[in-house]
Amino acid sequence: MLHIINKSPLERSALDSCLRTAGGGAILLIEDAVYAATRGHAAAARIEEALARFAVYALTPDLAARGVADRLIDGVTPVDYGGFVELVAEHPASHSWL
């Protein structure tokens, strides 16, 4: 399953809910959720731990728009819009965490 998260973990609990209840698959961080995938962020340790259970991706245009593309945590894979489409096509189901 592809888990899509778009809210900052400082604003909403979507990331924590996903990590607590999802069994595995892939996580795609988009919009303000990309902050969680940056070194030094309050959620960075949770993302680093999640890498043992999930493939974690962050949308490159959203990283660039927020000026954090150079602070991506090792192990998180940046993807462009084409990569987003490929992830959706690759996974039989997706869930957007609100």
# chains A, B, ... in the order shown; residues from 1 in each chain; ligands from 1
$ residues_around --residues "Leu19 (chain A)" --least-positions-apart "4" --cutoff "10 Å" --atoms "only C-alpha atoms" --output "PDB file with C-alpha atoms, in the first residue's frame"
ATOM      1  CA  HIS A   3       0.500   5.893   2.242  1.00  0.00           C
ATOM      2  CA  ALA A  14      -1.350  11.915  10.210  1.00  0.00           C
ATOM      3  CA  LEU A  15       2.291  10.784  10.184  1.00  0.00           C
ATOM      4  CA  GLY A  23       1.877  -2.601   8.493  1.00  0.00           C
ATOM      5  CA  GLY A  24       4.302  -1.578   5.800  1.00  0.00           C
ATOM      6  CA  ILE A  27       5.124   6.400   2.437  1.00  0.00           C
ATOM      7  CA  ARG A  46      10.446   8.898  13.474  1.00  0.00           C
ATOM      8  CA  ILE A  47      11.190   8.967   9.736  1.00  0.00           C
ATOM      9  CA  GLU A  49      12.909   4.570  12.332  1.00  0.00           C
ATOM     10  CA  ALA A  50      10.195   4.181   9.679  1.00  0.00           C
ATOM     11  CA  ARG A  53       9.508  -0.824   7.755  1.00  0.00           C
ATOM     12  CA  PHE A  54       8.675   1.425   4.818  1.00  0.00           C
TER      13      PHE A  54
END
$ select_by_dssp --residues "region 13-52 of chain A" --states "strand (DSSP E)" --output "count of residues only"
5
$ residues_around --residues "Glu31 (chain A)" --least-positions-apart "2" --cutoff "6 Å" --atoms "only C-alpha atoms" --output "ChimeraX atom specification"
/A:6,33,62
$ write_last_selection --atoms "C-alpha atoms" --output "mmCIF file, in the first residue's frame"
data_model
loop_
_atom_site.group_PDB
_atom_site.id
_atom_site.type_symbol
_atom_site.label_atom_id
_atom_site.label_comp_id
_atom_site.auth_asym_id
_atom_site.auth_seq_id
_atom_site.Cartn_x
_atom_site.Cartn_y
_atom_site.Cartn_z
ATOM 1 C CA ASN A 6 0.431 15.918 3.096
ATOM 2 C CA ALA A 33 4.708 16.741 5.181
ATOM 3 C CA ASP A 62 7.553 20.391 -2.563
#
$ select_by_dssp --residues "chain A" --states "helix (DSSP H, G or I)" --output "MDAnalysis selection string"
chainID A and resid 14:21 31:37 44:50 60:65 69:71 81:90
$ residues_around --residues "Ala36 (chain A)" --least-positions-apart "4" --cutoff "10 Å" --atoms "only C-alpha atoms" --output "compact mmCIF listing (two decimals) with N, CA and C atoms, in the first residue's frame"
# COMPACT_ATOMS: atom_id res chain seq x y z
N LYS A 7 0.31 16.66 5.43
CA LYS A 7 0.34 17.68 6.49
C LYS A 7 1.60 17.55 7.34
N SER A 8 2.10 18.68 7.78
CA SER A 8 3.26 18.69 8.68
C SER A 8 2.92 17.93 9.95
N PRO A 9 3.85 17.13 10.46
CA PRO A 9 3.60 16.44 11.73
C PRO A 9 3.49 17.40 12.91
N LEU A 10 3.86 18.66 12.72
CA LEU A 10 3.68 19.65 13.78
C LEU A 10 2.26 20.21 13.77
N LEU A 15 1.07 11.59 10.24
CA LEU A 15 2.29 10.78 10.18
C LEU A 15 2.34 9.78 11.32
N LEU A 29 5.64 11.51 1.17
CA LEU A 29 5.43 12.78 1.84
C LEU A 29 5.31 13.87 0.78
N ASP A 32 3.35 20.05 2.95
CA ASP A 32 4.10 20.37 4.17
C ASP A 32 4.64 19.15 4.90
N GLY A 40 17.20 17.37 11.25
CA GLY A 40 16.98 18.40 12.25
C GLY A 40 15.52 18.67 12.58
N HIS A 41 14.60 18.12 11.82
CA HIS A 41 13.18 18.34 12.10
C HIS A 41 12.76 17.50 13.31
N ALA A 42 11.75 17.96 14.02
CA ALA A 42 11.27 17.25 15.20
C ALA A 42 10.82 15.82 14.88
N ALA A 43 10.41 15.55 13.65
CA ALA A 43 9.94 14.21 13.27
C ALA A 43 11.02 13.38 12.59
N ALA A 44 12.22 13.90 12.47
CA ALA A 44 13.29 13.20 11.74
C ALA A 44 13.56 11.81 12.32
N ALA A 45 13.60 11.67 13.62
CA ALA A 45 13.88 10.37 14.23
C ALA A 45 12.79 9.36 13.89
N ARG A 46 11.54 9.81 13.83
CA ARG A 46 10.45 8.90 13.47
C ARG A 46 10.57 8.44 12.03
N ILE A 47 11.00 9.34 11.15
CA ILE A 47 11.19 8.97 9.74
C ILE A 47 12.35 7.98 9.63
N GLU A 48 13.44 8.25 10.34
CA GLU A 48 14.59 7.34 10.30
C GLU A 48 14.20 5.94 10.79
N ALA A 58 9.82 11.50 -0.81
CA ALA A 58 9.41 12.89 -0.62
C ALA A 58 9.33 13.55 -1.99
N LEU A 72 17.54 16.58 3.05
CA LEU A 72 16.81 15.32 3.05
C LEU A 72 17.56 14.25 3.86
N ILE A 73 16.84 13.53 4.69
CA ILE A 73 17.40 12.44 5.50
C ILE A 73 17.92 11.34 4.57
$ residues_around --residues "Val76 (chain A)" --least-positions-apart "5" --cutoff "8 Å" --atoms "only C-alpha atoms" --output "PyMOL selection string"
chain A and resi 37+51+55-58
$ decode --residues "region 49-92 of chain A" --atoms "N, CA and C atoms" --output "PDB file, in the first residue's frame"
ATOM      1  N   GLU A  49      13.391   5.863  11.837  1.00  0.00           N
ATOM      2  CA  GLU A  49      12.909   4.570  12.332  1.00  0.00           C
ATOM      3  C   GLU A  49      11.977   3.911  11.318  1.00  0.00           C
ATOM      4  N   ALA A  50      11.162   4.701  10.661  1.00  0.00           N
ATOM      5  CA  ALA A  50      10.195   4.181   9.679  1.00  0.00           C
ATOM      6  C   ALA A  50      10.891   3.539   8.489  1.00  0.00           C
ATOM      7  N   LEU A  51      12.108   3.974   8.200  1.00  0.00           N
ATOM      8  CA  LEU A  51      12.840   3.417   7.049  1.00  0.00           C
ATOM      9  C   LEU A  51      13.100   1.922   7.186  1.00  0.00           C
ATOM     10  N   ALA A  52      13.007   1.379   8.398  1.00  0.00           N
ATOM     11  CA  ALA A  52      13.173  -0.061   8.592  1.00  0.00           C
ATOM     12  C   ALA A  52      11.929  -0.834   8.143  1.00  0.00           C
ATOM     13  N   ARG A  53      10.772  -0.165   8.110  1.00  0.00           N
ATOM     14  CA  ARG A  53       9.508  -0.824   7.755  1.00  0.00           C
ATOM     15  C   ARG A  53       8.915  -0.363   6.440  1.00  0.00           C
ATOM     16  N   PHE A  54       9.283   0.808   5.995  1.00  0.00           N
ATOM     17  CA  PHE A  54       8.675   1.425   4.818  1.00  0.00           C
ATOM     18  C   PHE A  54       9.745   1.943   3.866  1.00  0.00           C
ATOM     19  N   ALA A  55       9.402   1.977   2.598  1.00  0.00           N
ATOM     20  CA  ALA A  55      10.151   2.797   1.653  1.00  0.00           C
ATOM     21  C   ALA A  55       9.558   4.198   1.811  1.00  0.00           C
ATOM     22  N   VAL A  56      10.403   5.197   2.014  1.00  0.00           N
ATOM     23  CA  VAL A  56       9.911   6.556   2.249  1.00  0.00           C
ATOM     24  C   VAL A  56      10.365   7.451   1.100  1.00  0.00           C
ATOM     25  N   TYR A  57       9.413   8.207   0.561  1.00  0.00           N
ATOM     26  CA  TYR A  57       9.656   9.099  -0.565  1.00  0.00           C
ATOM     27  C   TYR A  57       9.194  10.502  -0.196  1.00  0.00           C
ATOM     28  N   ALA A  58       9.819  11.503  -0.806  1.00  0.00           N
ATOM     29  CA  ALA A  58       9.405  12.895  -0.619  1.00  0.00           C
ATOM     30  C   ALA A  58       9.331  13.552  -1.994  1.00  0.00           C
ATOM     31  N   LEU A  59       8.290  14.322  -2.209  1.00  0.00           N
ATOM     32  CA  LEU A  59       8.068  14.957  -3.513  1.00  0.00           C
ATOM     33  C   LEU A  59       9.041  16.123  -3.711  1.00  0.00           C
ATOM     34  N   THR A  60       9.874  15.991  -4.717  1.00  0.00           N
ATOM     35  CA  THR A  60      10.941  16.960  -4.988  1.00  0.00           C
ATOM     36  C   THR A  60      10.434  18.391  -5.172  1.00  0.00           C
ATOM     37  N   PRO A  61       9.373  18.638  -5.961  1.00  0.00           N
ATOM     38  CA  PRO A  61       8.918  20.026  -6.103  1.00  0.00           C
ATOM     39  C   PRO A  61       8.494  20.649  -4.768  1.00  0.00           C
ATOM     40  N   ASP A  62       7.943  19.853  -3.864  1.00  0.00           N
ATOM     41  CA  ASP A  62       7.553  20.391  -2.563  1.00  0.00           C
ATOM     42  C   ASP A  62       8.764  20.651  -1.671  1.00  0.00           C
ATOM     43  N   LEU A  63       9.784  19.798  -1.767  1.00  0.00           N
ATOM     44  CA  LEU A  63      11.037  20.058  -1.051  1.00  0.00           C
ATOM     45  C   LEU A  63      11.658  21.367  -1.538  1.00  0.00           C
ATOM     46  N   ALA A  64      11.698  21.535  -2.855  1.00  0.00           N
ATOM     47  CA  ALA A  64      12.298  22.740  -3.440  1.00  0.00           C
ATOM     48  C   ALA A  64      11.496  23.990  -3.077  1.00  0.00           C
ATOM     49  N   ALA A  65      10.178  23.894  -3.123  1.00  0.00           N
ATOM     50  CA  ALA A  65       9.332  25.058  -2.820  1.00  0.00           C
ATOM     51  C   ALA A  65       9.510  25.525  -1.384  1.00  0.00           C
ATOM     52  N   ARG A  66       9.882  24.603  -0.499  1.00  0.00           N
ATOM     53  CA  ARG A  66      10.059  24.945   0.905  1.00  0.00           C
ATOM     54  C   ARG A  66      11.525  25.181   1.271  1.00  0.00           C
ATOM     55  N   GLY A  67      12.409  25.082   0.298  1.00  0.00           N
ATOM     56  CA  GLY A  67      13.823  25.376   0.512  1.00  0.00           C
ATOM     57  C   GLY A  67      14.546  24.354   1.367  1.00  0.00           C
ATOM     58  N   VAL A  68      14.097  23.090   1.358  1.00  0.00           N
ATOM     59  CA  VAL A  68      14.704  22.086   2.222  1.00  0.00           C
ATOM     60  C   VAL A  68      15.262  20.888   1.452  1.00  0.00           C
ATOM     61  N   ALA A  69      15.355  20.991   0.143  1.00  0.00           N
ATOM     62  CA  ALA A  69      15.807  19.856  -0.670  1.00  0.00           C
ATOM     63  C   ALA A  69      17.216  19.396  -0.296  1.00  0.00           C
ATOM     64  N   ASP A  70      18.037  20.284   0.214  1.00  0.00           N
ATOM     65  CA  ASP A  70      19.415  19.929   0.556  1.00  0.00           C
ATOM     66  C   ASP A  70      19.541  19.318   1.953  1.00  0.00           C
ATOM     67  N   ARG A  71      18.414  19.155   2.669  1.00  0.00           N
ATOM     68  CA  ARG A  71      18.458  18.618   4.036  1.00  0.00           C
ATOM     69  C   ARG A  71      17.736  17.280   4.161  1.00  0.00           C
ATOM     70  N   LEU A  72      17.544  16.580   3.054  1.00  0.00           N
ATOM     71  CA  LEU A  72      16.811  15.324   3.053  1.00  0.00           C
ATOM     72  C   LEU A  72      17.559  14.251   3.858  1.00  0.00           C
ATOM     73  N   ILE A  73      16.843  13.530   4.691  1.00  0.00           N
ATOM     74  CA  ILE A  73      17.405  12.443   5.497  1.00  0.00           C
ATOM     75  C   ILE A  73      17.915  11.343   4.574  1.00  0.00           C
ATOM     76  N   ASP A  74      19.079  10.783   4.885  1.00  0.00           N
ATOM     77  CA  ASP A  74      19.607   9.653   4.121  1.00  0.00           C
ATOM     78  C   ASP A  74      18.615   8.505   4.168  1.00  0.00           C
ATOM     79  N   GLY A  75      18.342   7.923   3.011  1.00  0.00           N
ATOM     80  CA  GLY A  75      17.402   6.809   2.925  1.00  0.00           C
ATOM     81  C   GLY A  75      16.039   7.211   2.405  1.00  0.00           C
ATOM     82  N   VAL A  76      15.709   8.497   2.481  1.00  0.00           N
ATOM     83  CA  VAL A  76      14.458   8.990   1.908  1.00  0.00           C
ATOM     84  C   VAL A  76      14.727   9.287   0.434  1.00  0.00           C
ATOM     85  N   THR A  77      13.870   8.776  -0.421  1.00  0.00           N
ATOM     86  CA  THR A  77      14.060   8.910  -1.863  1.00  0.00           C
ATOM     87  C   THR A  77      13.240  10.079  -2.397  1.00  0.00           C
ATOM     88  N   PRO A  78      13.902  11.043  -3.042  1.00  0.00           N
ATOM     89  CA  PRO A  78      13.146  12.133  -3.658  1.00  0.00           C
ATOM     90  C   PRO A  78      12.516  11.651  -4.969  1.00  0.00           C
ATOM     91  N   VAL A  79      11.278  12.074  -5.236  1.00  0.00           N
ATOM     92  CA  VAL A  79      10.601  11.730  -6.491  1.00  0.00           C
ATOM     93  C   VAL A  79       9.945  12.973  -7.068  1.00  0.00           C
ATOM     94  N   ASP A  80       9.926  13.030  -8.391  1.00  0.00           N
ATOM     95  CA  ASP A  80       9.227  14.114  -9.072  1.00  0.00           C
ATOM     96  C   ASP A  80       7.777  13.679  -9.321  1.00  0.00           C
ATOM     97  N   TYR A  81       7.017  14.479 -10.075  1.00  0.00           N
ATOM     98  CA  TYR A  81       5.616  14.138 -10.329  1.00  0.00           C
ATOM     99  C   TYR A  81       5.484  12.828 -11.095  1.00  0.00           C
ATOM    100  N   GLY A  82       6.394  12.568 -12.010  1.00  0.00           N
ATOM    101  CA  GLY A  82       6.383  11.298 -12.735  1.00  0.00           C
ATOM    102  C   GLY A  82       6.597  10.129 -11.788  1.00  0.00           C
ATOM    103  N   GLY A  83       7.495  10.307 -10.812  1.00  0.00           N
ATOM    104  CA  GLY A  83       7.729   9.283  -9.802  1.00  0.00           C
ATOM    105  C   GLY A  83       6.507   9.071  -8.922  1.00  0.00           C
ATOM    106  N   PHE A  84       5.781  10.139  -8.638  1.00  0.00           N
ATOM    107  CA  PHE A  84       4.531  10.052  -7.878  1.00  0.00           C
ATOM    108  C   PHE A  84       3.558   9.142  -8.630  1.00  0.00           C
ATOM    109  N   VAL A  85       3.403   9.391  -9.916  1.00  0.00           N
ATOM    110  CA  VAL A  85       2.502   8.585 -10.744  1.00  0.00           C
ATOM    111  C   VAL A  85       2.956   7.118 -10.750  1.00  0.00           C
ATOM    112  N   GLU A  86       4.254   6.894 -10.885  1.00  0.00           N
ATOM    113  CA  GLU A  86       4.782   5.529 -10.877  1.00  0.00           C
ATOM    114  C   GLU A  86       4.489   4.822  -9.550  1.00  0.00           C
ATOM    115  N   LEU A  87       4.626   5.534  -8.439  1.00  0.00           N
ATOM    116  CA  LEU A  87       4.331   4.938  -7.141  1.00  0.00           C
ATOM    117  C   LEU A  87       2.861   4.531  -7.033  1.00  0.00           C
ATOM    118  N   VAL A  88       1.977   5.389  -7.513  1.00  0.00           N
ATOM    119  CA  VAL A  88       0.546   5.077  -7.481  1.00  0.00           C
ATOM    120  C   VAL A  88       0.255   3.861  -8.353  1.00  0.00           C
ATOM    121  N   ALA A  89       0.864   3.807  -9.538  1.00  0.00           N
ATOM    122  CA  ALA A  89       0.643   2.680 -10.442  1.00  0.00           C
ATOM    123  C   ALA A  89       1.244   1.381  -9.893  1.00  0.00           C
ATOM    124  N   GLU A  90       2.331   1.486  -9.171  1.00  0.00           N
ATOM    125  CA  GLU A  90       3.057   0.331  -8.639  1.00  0.00           C
ATOM    126  C   GLU A  90       2.347  -0.319  -7.452  1.00  0.00           C
ATOM    127  N   HIS A  91       1.586   0.458  -6.707  1.00  0.00           N
ATOM    128  CA  HIS A  91       0.912  -0.055  -5.513  1.00  0.00           C
ATOM    129  C   HIS A  91      -0.572  -0.290  -5.814  1.00  0.00           C
ATOM    130  N   PRO A  92      -1.082  -1.452  -5.453  1.00  0.00           N
ATOM    131  CA  PRO A  92      -2.477  -1.787  -5.767  1.00  0.00           C
ATOM    132  C   PRO A  92      -3.496  -0.917  -5.013  1.00  0.00           C
TER     133      PRO A  92
END
